[in-house]
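K.L.:
For reference, this is structure09.cif, and it has mmCIF, C-alpha atoms and all ligand atoms.
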```cif
data_coords
loop_
_atom_site.label_atom_id
_atom_site.label_comp_id
_atom_site.auth_asym_id
_atom_site.auth_seq_id
_atom_site.Cartn_x
_atom_site.Cartn_y
_atom_site.Cartn_z
CA MET A 410 0.00 0.00 0.00
CA VAL A 411 1.28 3.46 -0.94
CA ASP A 412 1.45 5.98 1.89
CA LYS A 413 -0.22 9.08 0.41
CA ASN A 414 0.71 11.15 3.48
CA VAL A 415 4.34 11.14 2.37
CA ASN A 416 3.51 13.03 -0.83
CA VAL A 417 1.04 15.37 0.88
CA ASN A 418 3.62 16.23 3.54
CA SER A 419 6.46 16.84 1.10
CA ASP A 420 4.16 18.96 -1.15
CA PHE A 421 3.13 20.97 1.89
CA ASP A 422 6.76 21.42 3.01
CA GLU A 423 7.64 22.57 -0.51
CA LEU A 424 4.73 25.04 -0.49
CA VAL A 425 5.80 26.48 2.90
CA LYS A 426 9.42 26.72 1.71
CA ASN A 427 8.36 28.60 -1.43
CA MET A 428 6.15 30.97 0.58
CA GLU A 429 9.00 31.69 3.03
CA GLU A 430 11.34 32.38 0.11
CA GLU A 431 8.80 34.77 -1.46
CA ILE A 432 8.34 36.63 1.86
CA LEU A 433 12.11 36.91 2.28
CA GLU A 434 12.49 38.19 -1.30
CA GLU A 435 9.91 40.92 -0.62
CA ALA A 436 11.62 41.79 2.68
CA ARG A 437 14.98 42.08 0.88
CA GLU A 438 13.48 44.81 -1.33
CA ILE A 439 12.52 46.84 1.76
CA TYR A 440 15.16 46.09 4.41
CA THR A 441 18.95 45.91 4.35
CA GLU A 442 20.72 42.58 4.70
CA LYS A 443 21.97 43.67 8.16
CA THR A 444 18.41 44.46 9.34
CA LEU A 445 17.14 41.07 8.15
CA GLU A 446 20.09 39.31 9.79
CA GLU A 447 19.40 41.03 13.15
CA ALA A 448 15.62 40.53 12.88
CA TYR A 449 15.83 36.81 12.07
CA ASN A 450 18.74 36.04 14.44
CA PRO A 451 18.47 38.63 17.23
CA LYS A 452 21.05 38.73 19.99
CA ASN A 453 20.37 39.35 23.69
CA VAL A 454 16.68 38.42 23.70
CA GLY A 455 15.36 37.92 27.24
CA GLU A 456 15.57 39.41 30.69
CA LEU A 457 18.27 39.77 33.37
CA LYS A 458 17.57 38.35 36.82
CA ASN A 459 18.61 41.44 38.80
CA PRO A 460 19.04 44.29 36.33
CA SER A 461 20.90 47.43 37.49
CA GLY A 462 18.54 49.42 35.29
CA ALA A 463 15.33 48.48 33.51
CA ALA A 464 12.68 50.17 31.41
CA ARG A 465 9.66 49.31 29.31
CA VAL A 466 8.48 51.90 26.80
CA THR A 467 5.49 51.81 24.46
CA GLY A 468 5.92 53.76 21.24
CA PRO A 469 3.32 55.73 19.25
CA CYS A 470 2.69 52.58 17.15
CA GLY A 471 1.48 50.74 20.29
CA ASP A 472 4.45 48.35 20.40
CA THR A 473 6.56 47.94 23.52
CA VAL A 474 10.28 47.41 24.05
CA GLN A 475 11.83 46.39 27.36
CA ILE A 476 15.57 46.76 28.04
CA HIS A 477 17.52 45.46 31.02
CA LEU A 478 21.06 46.66 31.83
CA GLU A 479 23.67 45.21 34.13
CA VAL A 480 26.28 47.75 35.24
CA ARG A 481 29.60 46.77 36.82
CA GLY A 482 31.80 49.64 37.93
CA ASP A 483 30.74 52.31 35.46
CA LYS A 484 30.51 49.95 32.48
CA ILE A 485 27.60 48.02 31.04
CA SER A 486 28.48 44.36 31.34
CA ASP A 487 25.25 42.87 29.97
CA SER A 488 21.99 43.86 28.36
CA LYS A 489 18.83 42.05 27.25
CA PHE A 490 15.67 43.09 25.46
CA ILE A 491 12.21 41.84 24.61
CA THR A 492 9.62 43.38 22.31
CA ASP A 493 6.17 42.65 20.96
CA GLY A 494 6.91 44.93 18.04
CA CYS A 495 7.75 44.53 14.36
CA GLY A 496 10.80 42.89 12.80
CA ALA A 497 12.57 46.26 12.66
CA SER A 498 12.09 46.71 16.41
CA ILE A 499 13.65 43.27 16.97
CA ALA A 500 16.63 44.30 14.81
CA CYS A 501 16.95 47.61 16.71
CA GLY A 502 16.73 45.88 20.11
CA SER A 503 19.42 43.43 19.05
CA VAL A 504 21.75 46.20 17.83
CA VAL A 505 21.20 48.46 20.86
CA THR A 506 21.81 45.74 23.44
CA GLU A 507 24.91 44.55 21.60
CA LEU A 508 26.26 48.09 21.17
CA VAL A 509 26.09 49.04 24.85
CA LYS A 510 28.17 46.14 26.16
CA GLY A 511 31.57 47.24 27.47
CA LYS A 512 30.69 50.94 27.17
CA THR A 513 30.40 53.38 30.07
CA VAL A 514 27.00 54.63 31.18
CA GLU A 515 28.08 58.10 30.03
CA GLU A 516 28.97 56.87 26.52
CA VAL A 517 25.75 54.90 26.21
CA SER A 518 23.59 57.83 27.26
CA LYS A 519 24.77 59.64 24.10
CA LEU A 520 23.53 56.94 21.71
CA THR A 521 20.71 58.04 19.42
CA ASP A 522 18.46 56.44 16.83
CA LYS A 523 20.87 57.79 14.18
CA HIS A 524 23.58 55.41 15.45
CA ILE A 525 21.21 52.45 15.21
CA LEU A 526 20.05 53.47 11.73
CA ALA A 527 23.68 53.83 10.59
CA ILE A 528 24.51 50.30 11.81
CA LEU A 529 21.43 48.83 10.11
CA GLY A 530 22.13 50.75 6.89
CA GLY A 531 18.86 52.64 7.30
CA LEU A 532 15.22 51.64 7.70
CA PRO A 533 12.15 52.44 5.59
CA GLU A 534 10.41 55.71 6.52
CA ASP A 535 7.59 53.79 8.27
CA ASN A 536 10.12 52.08 10.58
CA ILE A 537 12.32 55.03 11.60
CA HIS A 538 10.34 55.31 14.85
CA CYS A 539 11.30 51.70 15.72
CA ALA A 540 14.95 52.80 16.15
CA ALA A 541 13.81 55.76 18.27
CA LEU A 542 11.72 53.42 20.44
CA ALA A 543 14.83 51.29 21.10
CA THR A 544 17.01 54.27 22.07
CA ASP A 545 14.19 55.89 24.10
CA THR A 546 13.91 52.63 26.06
CA LEU A 547 17.69 52.52 26.53
CA LYS A 548 17.65 56.10 27.88
CA ALA A 549 14.82 55.20 30.26
CA ALA A 550 16.79 52.16 31.51
CA ILE A 551 19.84 54.38 32.10
CA GLY A 552 17.57 56.83 33.95
CA ASP A 553 16.31 53.96 36.11
CA TYR A 554 19.89 52.88 36.86
CA ARG A 555 20.93 56.43 37.83
CA LYS A 556 17.86 56.87 40.03
CA THR A 557 18.48 53.57 41.83
CA ARG A 558 22.18 54.39 42.31
CA ALA A 559 21.38 57.87 43.65
CA PHE A 560 18.87 56.34 46.08
CA LEU A 561 21.42 53.74 47.28
CA ASN A 562 24.13 56.42 47.69
CA GLN A 563 21.69 58.55 49.66
CA SER A 564 20.73 55.59 51.89
CA ILE A 565 24.39 54.81 52.59
CA SER A 566 25.23 58.43 53.53
CA ASP A 567 22.17 58.71 55.88
FE1 LIG B 1 6.02 49.46 16.29
FE2 LIG B 1 8.14 48.91 14.73
S1 LIG B 1 8.07 49.15 16.88
S2 LIG B 1 6.08 49.31 14.11
#
```
What does this structure look like when you write it as structure tokens?

P.N.:
Amino acid sequence: MVDKNVNVNSDFDELVKNMEEEILEEAREIYTEKTLEEAYNPKNVGELKNPSGAARVTGPCGDTVQIHLEVRGDKISDSKFITDGCGASIACGSVVTELVKGKTVEEVSKLTDKHILAILGGLPEDNIHCAALATDTLKAAIGDYRKTRAFLNQSISD
């Protein structure tokens, strides 16, 4: 007896493969290779157990990015992000969290969406705000770190 499921499954796999290839082709016309690489294989996805600074910001599009920072001395030793946003926001979160590692808090506080856009080789007009959402969240996480540190310093001196 011939197992018809074998053919059905391989036809279905072929169909899915073709659809994925078509979607990727369309994405290549809109996004840079670097953006697609970061969106499909993002680094630093997740949360830190005891972050030194943390923030969650919702952008005008309704999507949210969360960034956690670990600070040792005055340098950022680790960073993680999560987002419910678009592929561009995943790419931006990946780049931002990678970029901050090993830098001082002061250096990181000067990062802007322009730096992220330069690394990604630009984003379509409709996705420019995704880079701003990532850097706004980073700034908020730095603000949280500074506030916590100021509070701890105050508590110690009391
Ligand atoms: Fe909302 Fe990209 S973060 S569209």

K.L.:
Between A:Ala541, A:Cys495, A:Ile476, A:Met428, which has the minimum distance to ligand LIG 1 (chain B) (counting all atoms listed in the file)?

P.N.:
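Checking each candidate against ligand LIG 1 (chain B), we get A:Cys495 as the closest.
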
K.L.:
Please, which residues have at least one atom within 8 Å of an atom of ligand LIG 1 (chain B), using only C-alpha atoms and all ligand atoms, listed as a list in words?

P.N.:
Gly468, Pro469, Cys470, Gly471, Asp472, Thr473, Val474, Asp493, Gly494, Cys495, Gly496, Ala497, Ser498, Asp535, Asn536, His538, Cys539, Ala540 and Leu542 of chain A

K.L.:
Choose the residue, out of A:Leu532, A:Thr506, A:Arg555, A:His524, that has the smallest atom-to-atom separation from Ser486 in chain A; count all atoms listed in the file.

P.N.:
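Residue with the minimum atom-to-atom distance to Ser486 in chain A: A:Thr506.
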
K.L.:
Measure the distance from CA of Lys458 in chain A to CA of Ala500 in chain A in Å and round it to one decimal.

P.N.:
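Value for the CA of Lys458 in chain A-CA of Ala500 in chain A distance: 22.8 Å.
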
K.L.:
Need to verify the contact set: Glu507 in chain A, 10 Å, only C-alpha atoms, exclusion of same-chain residues closer than 2 positions in sequence. Can you return it as JSON, numbers by chain?

P.N.:
{"A": [451, 452, 453, 487, 488, 489, 501, 502, 503, 504, 505, 509, 510, 511]}

K.L.:
Missing atoms in range 447-461 of chain A: can you complete it with N, CA, C and O atoms, as a CSV table (one decimal), in the coordinates of the input?

P.N.:
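The file below, result-v7.csv, is the result:
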```csv
chain,number,residue,atom,x,y,z
A,447,GLU,N,19.7,40.8,11.7
A,447,GLU,CA,19.4,41.0,13.2
A,447,GLU,C,18.0,40.7,13.5
A,447,GLU,O,17.7,40.2,14.6
A,448,ALA,N,17.0,40.8,12.6
A,448,ALA,CA,15.6,40.5,12.9
A,448,ALA,C,15.4,39.0,13.0
A,448,ALA,O,14.6,38.5,13.8
A,449,TYR,N,16.0,38.3,12.1
A,449,TYR,CA,15.8,36.8,12.1
A,449,TYR,C,16.7,36.1,13.1
A,449,TYR,O,16.4,35.0,13.5
A,450,ASN,N,17.8,36.7,13.5
A,450,ASN,CA,18.7,36.0,14.4
A,450,ASN,C,19.1,37.1,15.5
A,450,ASN,O,20.3,37.4,15.6
A,451,PRO,N,18.2,37.6,16.3
A,451,PRO,CA,18.5,38.6,17.2
A,451,PRO,C,19.3,38.1,18.4
A,451,PRO,O,19.2,37.0,18.8
A,452,LYS,N,20.2,39.0,18.8
A,452,LYS,CA,21.0,38.7,20.0
A,452,LYS,C,20.4,39.3,21.2
A,452,LYS,O,19.7,40.3,21.1
A,453,ASN,N,20.7,38.8,22.4
A,453,ASN,CA,20.4,39.4,23.7
A,453,ASN,C,18.9,39.4,23.9
A,453,ASN,O,18.4,40.3,24.6
A,454,VAL,N,18.1,38.5,23.4
A,454,VAL,CA,16.7,38.4,23.7
A,454,VAL,C,16.5,37.8,25.1
A,454,VAL,O,17.0,36.8,25.4
A,455,GLY,N,15.7,38.5,25.9
A,455,GLY,CA,15.4,37.9,27.2
A,455,GLY,C,15.4,39.0,28.3
A,455,GLY,O,15.4,40.2,28.0
A,456,GLU,N,15.5,38.5,29.5
A,456,GLU,CA,15.6,39.4,30.7
A,456,GLU,C,16.7,39.1,31.6
A,456,GLU,O,17.2,37.9,31.6
A,457,LEU,N,17.2,40.0,32.4
A,457,LEU,CA,18.3,39.8,33.4
A,457,LEU,C,17.6,39.5,34.7
A,457,LEU,O,16.5,40.1,35.0
A,458,LYS,N,18.2,38.7,35.5
A,458,LYS,CA,17.6,38.4,36.8
A,458,LYS,C,17.5,39.6,37.8
A,458,LYS,O,16.4,39.8,38.3
A,459,ASN,N,18.6,40.3,37.9
A,459,ASN,CA,18.6,41.4,38.8
A,459,ASN,C,19.2,42.6,38.1
A,459,ASN,O,20.4,43.0,38.3
A,460,PRO,N,18.5,43.2,37.1
A,460,PRO,CA,19.0,44.3,36.3
A,460,PRO,C,19.4,45.5,37.2
A,460,PRO,O,18.7,45.8,38.1
A,461,SER,N,20.5,46.2,36.8
A,461,SER,CA,20.9,47.4,37.5
A,461,SER,C,20.0,48.6,37.0
A,461,SER,O,19.8,49.5,37.8
```
